[in-house]
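**Student:** Coordinates in work-v5.txt, compact mmCIF, C-alpha atoms and all ligand atoms, are listed below.
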# COMPACT_ATOMS: atom_id res chain seq x y z
CA MET A 1 10.51 -4.87 5.97
CA LEU A 2 9.57 -5.74 9.54
CA THR A 3 5.91 -5.98 10.51
CA VAL A 4 5.44 -5.93 14.27
CA VAL A 5 2.30 -7.75 15.39
CA ILE A 6 1.02 -6.52 18.75
CA PRO A 7 -2.00 -8.20 20.38
CA THR A 8 -3.94 -5.85 22.63
CA TYR A 9 -6.66 -6.32 25.16
CA GLN A 10 -7.52 -3.51 27.59
CA GLU A 11 -4.17 -1.72 27.17
CA ARG A 12 -5.33 1.91 26.86
CA ASP A 13 -2.70 3.45 29.12
CA ASN A 14 0.18 1.56 27.52
CA ILE A 15 -0.58 2.49 23.93
CA GLU A 16 0.81 6.03 23.86
CA PRO A 17 4.22 5.29 25.42
CA LEU A 18 4.55 2.10 23.37
CA LEU A 19 3.77 3.74 20.03
CA LYS A 20 6.03 6.73 20.80
CA ARG A 21 8.91 4.38 21.52
CA LEU A 22 8.19 2.36 18.38
CA LYS A 23 8.10 5.56 16.35
CA ALA A 24 11.49 6.59 17.78
CA VAL A 25 12.91 3.18 16.80
CA LYS A 26 11.47 3.50 13.30
CA ASP A 27 12.85 7.02 12.82
CA SER A 28 16.39 6.07 13.79
CA TRP A 29 16.56 2.85 11.77
CA SER A 30 17.09 2.00 8.11
CA GLU A 31 14.78 -1.05 8.25
CA PRO A 32 11.22 -0.19 7.12
CA LEU A 33 8.84 -0.98 9.97
CA ASP A 34 5.08 -1.13 10.29
CA VAL A 35 2.76 -2.17 13.09
CA VAL A 36 -0.32 -4.39 13.00
CA MET A 37 -2.20 -4.19 16.28
CA VAL A 38 -4.73 -6.93 16.79
CA ASP A 39 -7.31 -5.96 19.33
CA GLY A 40 -9.48 -8.50 21.13
CA HIS A 41 -12.48 -6.16 21.36
CA SER A 42 -11.25 -4.04 24.25
CA ASP A 43 -13.87 -1.76 25.74
CA ASP A 44 -11.55 0.55 27.68
CA GLY A 45 -10.71 2.96 24.86
CA THR A 46 -7.69 1.04 23.54
CA VAL A 47 -9.12 0.93 20.02
CA ALA A 48 -9.74 4.67 19.73
CA VAL A 49 -6.37 5.68 21.20
CA ALA A 50 -4.41 3.14 19.17
CA SER A 51 -6.16 3.79 15.85
CA ALA A 52 -5.68 7.55 16.18
CA MET A 53 -2.01 7.31 17.17
CA LEU A 54 -1.09 4.68 14.58
CA ALA A 55 -2.51 6.96 11.89
CA ALA A 56 -0.98 10.15 13.30
CA LEU A 57 2.49 8.60 13.55
CA SER A 58 2.13 6.75 10.21
CA LEU A 59 3.08 3.56 12.01
CA GLY A 60 0.47 1.07 10.88
CA ARG A 61 -3.08 -0.03 11.59
CA LEU A 62 -5.33 -1.72 14.10
CA ILE A 63 -7.44 -4.70 13.08
CA GLN A 64 -9.99 -6.75 14.99
CA PRO A 65 -11.07 -10.31 14.36
CA PRO A 66 -14.87 -10.43 14.06
CA ARG A 67 -15.25 -12.20 17.38
CA ARG A 68 -13.60 -11.82 20.79
CA ASP A 69 -10.38 -13.75 20.32
CA ASP A 70 -7.64 -15.41 22.33
CA LEU A 71 -4.05 -14.33 22.47
CA ALA A 72 -2.72 -17.00 20.10
CA HIS A 73 -5.53 -16.42 17.64
CA ALA A 74 -4.84 -12.67 17.71
CA VAL A 75 -1.16 -13.23 16.91
CA LEU A 76 -1.96 -15.59 14.03
CA TYR A 77 -4.57 -13.17 12.72
CA GLY A 78 -1.97 -10.40 12.79
CA ILE A 79 0.66 -12.53 11.05
CA HIS A 80 -1.89 -13.34 8.39
CA HIS A 81 -2.30 -9.61 7.70
CA ALA A 82 1.41 -8.77 7.92
CA THR A 83 3.23 -7.70 4.77
CA GLY A 84 6.88 -7.62 5.92
CA ASP A 85 9.35 -10.38 5.06
CA LEU A 86 10.14 -10.34 8.78
CA ILE A 87 7.45 -10.72 11.44
CA GLY A 88 7.92 -9.47 14.99
CA VAL A 89 5.60 -10.33 17.88
CA MET A 90 5.53 -8.37 21.13
CA ASP A 91 3.24 -7.45 24.03
CA ALA A 92 1.61 -4.03 24.25
CA ASP A 93 2.34 -3.67 27.95
CA LEU A 94 5.94 -2.32 27.67
CA SER A 95 7.38 -5.53 29.12
CA HIS A 96 9.11 -5.97 25.78
CA PRO A 97 11.37 -3.01 24.97
CA PRO A 98 10.85 -1.89 21.34
CA GLU A 99 14.47 -0.66 21.35
CA LEU A 100 15.56 -4.32 21.09
CA LEU A 101 14.00 -4.72 17.63
CA PRO A 102 17.13 -3.62 15.69
CA ALA A 103 19.25 -6.19 17.57
CA LEU A 104 16.69 -8.92 16.86
CA VAL A 105 16.50 -8.04 13.16
CA SER A 106 20.25 -7.73 12.89
CA ALA A 107 20.66 -11.22 14.37
CA ILE A 108 18.50 -12.53 11.53
CA ARG A 109 19.81 -10.44 8.65
CA LYS A 110 23.53 -10.30 9.53
CA GLN A 111 23.90 -13.77 11.04
CA ASP A 112 21.51 -15.27 8.49
CA ARG A 113 19.26 -16.84 11.15
CA ASP A 114 15.64 -17.90 10.76
CA MET A 115 14.53 -16.47 14.06
CA ALA A 116 15.69 -14.22 16.88
CA ILE A 117 14.14 -14.60 20.33
CA ALA A 118 14.23 -11.87 22.95
CA SER A 119 15.45 -14.02 25.79
CA ARG A 120 15.18 -13.63 29.55
CA TYR A 121 17.21 -16.73 30.22
CA VAL A 122 20.57 -16.20 28.52
CA ALA A 123 23.51 -14.27 30.02
CA ALA A 124 22.62 -10.58 30.50
CA GLY A 125 18.91 -11.35 30.24
CA GLY A 126 16.53 -11.40 33.18
CA VAL A 127 13.27 -10.40 34.79
CA ASN A 128 12.73 -7.39 37.02
CA GLN A 129 10.21 -7.25 39.82
CA TRP A 130 8.71 -10.72 39.50
CA PRO A 131 7.50 -12.49 42.61
CA TRP A 132 9.23 -15.86 43.13
CA ARG A 133 6.08 -17.77 42.20
CA ARG A 134 5.91 -16.21 38.74
CA ARG A 135 9.65 -16.77 38.25
CA LEU A 136 9.25 -20.41 39.17
CA LEU A 137 6.30 -20.90 36.84
CA SER A 138 8.13 -19.29 33.96
CA GLN A 139 11.26 -21.38 34.50
CA LEU A 140 9.15 -24.50 34.85
CA GLY A 141 7.40 -23.73 31.57
CA ASN A 142 10.77 -23.60 29.83
CA VAL A 143 12.11 -26.74 31.52
CA MET A 144 9.04 -28.66 30.37
CA ALA A 145 9.61 -27.46 26.79
CA TRP A 146 13.35 -28.25 26.79
CA PRO A 147 13.07 -31.81 25.39
CA LEU A 148 11.15 -30.34 22.43
CA VAL A 149 13.27 -27.29 21.63
CA ARG A 150 16.78 -26.47 22.72
CA VAL A 151 16.35 -22.76 23.36
CA ALA A 152 16.61 -21.11 26.76
CA ASP A 153 13.43 -19.01 26.49
CA ALA A 154 10.95 -21.03 24.43
CA THR A 155 8.01 -19.33 26.19
CA SER A 156 9.08 -15.79 25.31
CA GLY A 157 6.31 -13.64 23.88
CA TYR A 158 8.84 -11.44 22.05
CA PHE A 159 10.54 -12.61 18.86
CA VAL A 160 11.21 -11.88 15.21
CA CYS A 161 11.20 -14.50 12.45
CA ARG A 162 11.28 -14.75 8.69
CA LYS A 163 7.74 -14.93 7.37
CA ASP A 164 8.67 -17.67 4.92
CA LEU A 165 9.66 -19.82 7.87
CA LEU A 166 5.94 -20.26 8.45
CA ALA A 167 5.35 -21.73 5.01
CA GLY A 168 3.30 -24.88 5.16
CA LEU A 169 2.94 -24.88 8.94
CA THR A 170 -0.47 -25.41 10.47
CA LEU A 171 -0.42 -23.32 13.60
CA GLU A 172 -3.24 -23.79 16.05
CA SER A 173 -5.04 -20.72 17.26
CA ARG A 174 -6.09 -22.50 20.43
CA GLY A 175 -2.46 -22.99 21.28
CA PHE A 176 -1.11 -20.46 23.74
CA LYS A 177 2.62 -19.98 23.13
CA ILE A 178 2.91 -19.31 19.44
CA LEU A 179 6.71 -19.19 19.58
CA LEU A 180 6.86 -22.73 20.92
CA GLU A 181 4.40 -23.91 18.28
CA ILE A 182 6.54 -22.40 15.50
CA LEU A 183 9.79 -23.80 16.95
CA VAL A 184 8.37 -27.32 17.22
CA LYS A 185 6.31 -27.52 14.03
CA GLY A 186 8.92 -25.74 11.92
CA CYS A 187 11.82 -27.78 13.37
CA VAL A 188 13.51 -24.42 13.74
CA HIS A 189 17.08 -24.76 14.95
CA ASP A 190 18.69 -21.72 13.42
CA VAL A 191 17.80 -19.40 16.27
CA ALA A 192 19.59 -16.49 17.94
CA GLU A 193 18.68 -15.56 21.51
CA VAL A 194 19.16 -11.88 22.24
CA PRO A 195 19.21 -11.02 25.96
CA TYR A 196 16.85 -8.45 27.45
CA GLN A 197 15.47 -7.45 30.81
CA PHE A 198 11.76 -8.15 31.10
CA THR A 199 10.06 -5.37 33.03
CA ASP A 200 6.67 -6.01 34.57
CA ARG A 201 3.77 -3.94 33.31
CA VAL A 202 2.89 -0.71 35.14
CA HIS A 203 -0.57 -0.17 33.65
CA GLY A 204 -3.36 -2.69 33.20
CA ARG A 205 -3.54 -6.29 34.30
CA SER A 206 -1.87 -9.44 33.06
CA LYS A 207 -4.26 -11.87 31.40
CA LEU A 208 -2.13 -14.76 32.61
CA GLY A 209 -4.27 -16.94 34.87
CA ILE A 210 -5.06 -20.52 35.75
CA ARG A 211 -6.96 -21.03 32.49
CA VAL A 212 -3.93 -19.87 30.52
CA LEU A 213 -1.63 -22.19 32.46
CA ALA A 214 -3.94 -25.11 31.79
CA ARG A 215 -3.91 -24.25 28.11
CA TYR A 216 -0.13 -24.17 28.09
CA LEU A 217 0.03 -27.67 29.57
CA HIS A 218 -2.49 -28.85 27.00
CA GLN A 219 -0.51 -27.25 24.20
CA LEU A 220 2.71 -28.89 25.47
CA MET A 221 1.03 -32.27 25.51
CA ARG A 222 -0.18 -31.87 21.94
CA LEU A 223 3.28 -30.75 20.81
CA TYR A 224 4.92 -33.79 22.42
CA VAL A 225 2.49 -36.01 20.53
CA TYR A 226 3.15 -34.02 17.35
CA ARG A 227 6.93 -34.41 17.69
CA TRP A 228 6.60 -38.11 18.43
CA ARG A 229 4.52 -38.59 15.27
CA SER A 230 6.61 -36.31 13.05
CA PRO A 231 10.25 -36.16 14.11
CA CYS A 232 12.45 -33.46 12.58
CA ARG A 233 14.29 -34.86 9.59
CA HIS A 234 16.12 -31.73 8.53
CA LEU A 235 17.46 -28.70 10.25
CA VAL A 236 16.21 -25.74 8.29
CA THR A 237 12.69 -25.46 6.95
CA ARG A 238 12.79 -22.28 4.97
CA ALA A 239 10.29 -22.64 2.14
CA SER A 240 10.52 -20.39 -0.85
CA SER A 241 6.97 -20.07 -2.11
CA GLY A 242 3.39 -21.19 -1.75
CA VAL A 243 0.73 -20.51 0.82
CA PRO A 244 2.69 -18.99 3.68
CA TRP A 245 0.86 -20.82 6.45
CA SER A 246 -2.61 -21.85 7.44
CA VAL A 247 -5.05 -20.76 10.06
CA GLU A 248 -8.82 -20.87 10.05
CA SER A 249 -9.85 -17.95 7.93
CA VAL A 250 -12.01 -15.33 9.52
CA GLY A 251 -13.28 -12.02 8.22
CA GLU A 252 -11.81 -8.74 9.24
CA SER A 253 -13.14 -5.48 10.54
CA ARG A 254 -10.73 -2.62 10.34
CA HIS A 255 -10.27 0.51 12.38
CA GLY A 256 -8.23 3.54 11.52
N1 LIG B 301 -6.18 -9.54 20.98
C1 LIG B 301 -5.96 -10.05 22.20
N2 LIG B 301 -4.87 -9.66 22.89
C2 LIG B 301 -4.68 -10.19 24.12
C3 LIG B 301 -5.55 -11.14 24.72
N3 LIG B 301 -5.07 -11.46 25.96
C4 LIG B 301 -3.94 -10.75 26.12
N4 LIG B 301 -3.71 -9.97 25.02
C5 LIG B 301 -2.57 -9.09 24.78
O1 LIG B 301 -1.46 -9.94 24.61
C6 LIG B 301 -0.32 -9.44 25.28
C7 LIG B 301 0.13 -10.45 26.34
O2 LIG B 301 -0.81 -10.49 27.41
P1 LIG B 301 -0.39 -10.20 28.90
O3 LIG B 301 -1.62 -9.95 29.68
O4 LIG B 301 0.66 -9.13 28.91
O5 LIG B 301 0.21 -11.60 29.34
P2 LIG B 301 1.52 -11.84 30.18
O6 LIG B 301 2.63 -11.05 29.51
O7 LIG B 301 1.72 -13.32 30.10
O8 LIG B 301 1.22 -11.34 31.55
C8 LIG B 301 -0.72 -8.07 25.82
O9 LIG B 301 -0.36 -7.08 24.89
C9 LIG B 301 -2.24 -8.18 25.94
O10 LIG B 301 -2.88 -6.94 25.81
C10 LIG B 301 -6.70 -11.52 23.96
O11 LIG B 301 -7.52 -12.34 24.38
N5 LIG B 301 -6.85 -10.96 22.72
MG MG B 302 2.73 -9.07 29.05
What do you get writing this file as structure tokens?
Ligand SMILES: Nc1nc2c(ncn2[C@@H]2O[C@H](COP(=O)(O)OP(=O)(O)O)[C@@H](O)[C@H]2O)c(=O)[nH]1
Ligand SMILES: [Mg+2]
**Tutor:**
Amino acid sequence: MLTVVIPTYQERDNIEPLLKRLKAVKDSWSEPLDVVMVDGHSDDGTVAVASAMLAALSLGRLIQPPRRDDLAHAVLYGIHHATGDLIGVMDADLSHPPELLPALVSAIRKQDRDMAIASRYVAAGGVNQWPWRRRLLSQLGNVMAWPLVRVADATSGYFVCRKDLLAGLTLESRGFKILLEILVKGCVHDVAEVPYQFTDRVHGRSKLGIRVLARYLHQLMRLYVYRWRSPCRHLVTRASSGVPWSVESVGESRHG
């Protein structure tokens, strides 16, 4: 089963089209799919719209950490509550087409990979409508991560991985790019990159800002130190049992 974790903050107008598209994917696919939306205490109506639609479409549920969270914390919180053997992570803003999920899952199940990344930077992938400055920043982010992980789009926010891949990893909720954190700490090499066209959001605003960039640089620095202290000794780190992963434990309040 695939559990899709979707962090949301002030995404009211994107929820309906996103959940309708996810429902269409679910209905035309043999893989069981459910959705865990993790809301960062939006006050624009996201919670009410999402909770009602998730229930009406029998797609999943919306949860909220007790406090206002960050993006990385929201994703980890969602993974913690996910029940599928596969975990997907995607934005709520329609930048990440839900129709790609079957290709991502198939790359894992049929090619026996640990992870499939929706990639903007492999052949046939790309970004639509980005100003050159955002393109440059994104490319730069990947170039800076290249010595750590040999994937073209290590800063993608859209991926699917085996949940047991996370076994034993301590992922930091103050980190920003969870994918990069998993790739580095898990020494994940068995990765497929599936091309897609990133489309910029139509509704709402990106939360990417200077603070987020600074956090990315900080995260990179910590990951370089981490890799220097603990080099990868083996290629695949697929654990079979035990505590799946660790993150500071916080209570839960549930909606819908
Ligand atoms: N729960 C939670 N979700 C967030 C937060 N910040 C952003 N998001 C969501 O995370 C996803 C990525 O954020 P987005 O603004 O699209 O960043 P961008 O894609 O880098 O421009 C979107 O679905 C947002 O609604 C946050 O602080 N908490
Ligand atoms: Mg986005």
**Student:** Using all atoms listed in the file, which residues have at least one atom no more than 10 Å from ligand MG 302 (chain B)? Output them as an mmCIF file with C-alpha atoms, in the frame of the given file.
**Tutor:**
data_model
loop_
_atom_site.group_PDB
_atom_site.id
_atom_site.type_symbol
_atom_site.label_atom_id
_atom_site.label_comp_id
_atom_site.auth_asym_id
_atom_site.auth_seq_id
_atom_site.Cartn_x
_atom_site.Cartn_y
_atom_site.Cartn_z
ATOM 1 C CA PRO A 7 -2.000 -8.200 20.380
ATOM 2 C CA THR A 8 -3.940 -5.850 22.630
ATOM 3 C CA MET A 90 5.530 -8.370 21.130
ATOM 4 C CA ASP A 91 3.240 -7.450 24.030
ATOM 5 C CA ALA A 92 1.610 -4.030 24.250
ATOM 6 C CA ASP A 93 2.340 -3.670 27.950
ATOM 7 C CA LEU A 94 5.940 -2.320 27.670
ATOM 8 C CA SER A 95 7.380 -5.530 29.120
ATOM 9 C CA HIS A 96 9.110 -5.970 25.780
ATOM 10 C CA SER A 156 9.080 -15.790 25.310
ATOM 11 C CA GLY A 157 6.310 -13.640 23.880
ATOM 12 C CA TYR A 158 8.840 -11.440 22.050
ATOM 13 C CA PHE A 198 11.760 -8.150 31.100
ATOM 14 C CA THR A 199 10.060 -5.370 33.030
ATOM 15 C CA ASP A 200 6.670 -6.010 34.570
ATOM 16 C CA ARG A 201 3.770 -3.940 33.310
ATOM 17 C CA GLY A 204 -3.360 -2.690 33.200
ATOM 18 C CA ARG A 205 -3.540 -6.290 34.300
ATOM 19 C CA SER A 206 -1.870 -9.440 33.060
ATOM 20 C CA LYS A 207 -4.260 -11.870 31.400
ATOM 21 C CA LEU A 208 -2.130 -14.760 32.610
#
**Student:** Taking (-7.4, -6.0, 19.0) in the file's own coordinates, collect the residues within 7 Å, counting only C-alpha atoms, and hand them back as number ranges by chain.
**Tutor:** A: 7-9, 37-42, 62-64
**Student:** I'd like the contact shell of segment 143-149 of chain A - 8 Å cut-off, only C-alpha atoms, skipping same-chain residues fewer than 6 positions apart - returned as a ChimeraX atom specification.
**Tutor:** /A:180,183-184,220,224,227
**Student:** So that I can check the surroundings of segment 26-29 of chain A, please list as a PyMOL selection string every protein, DNA and RNA residue that reaches within 8 Å of it, counting only C-alpha atoms and ignoring chain neighbours fewer than 4 positions away.
**Tutor:** chain A and resi 22+33+102
**Student:** The residues within 7 Å of (10.4, -20.8, 28.6), using all atoms listed in the file and the coordinates of the file, should be reported as a PyMOL selection string; which are they?
**Tutor:** chain A and resi 138-139+141-143+145+152-156
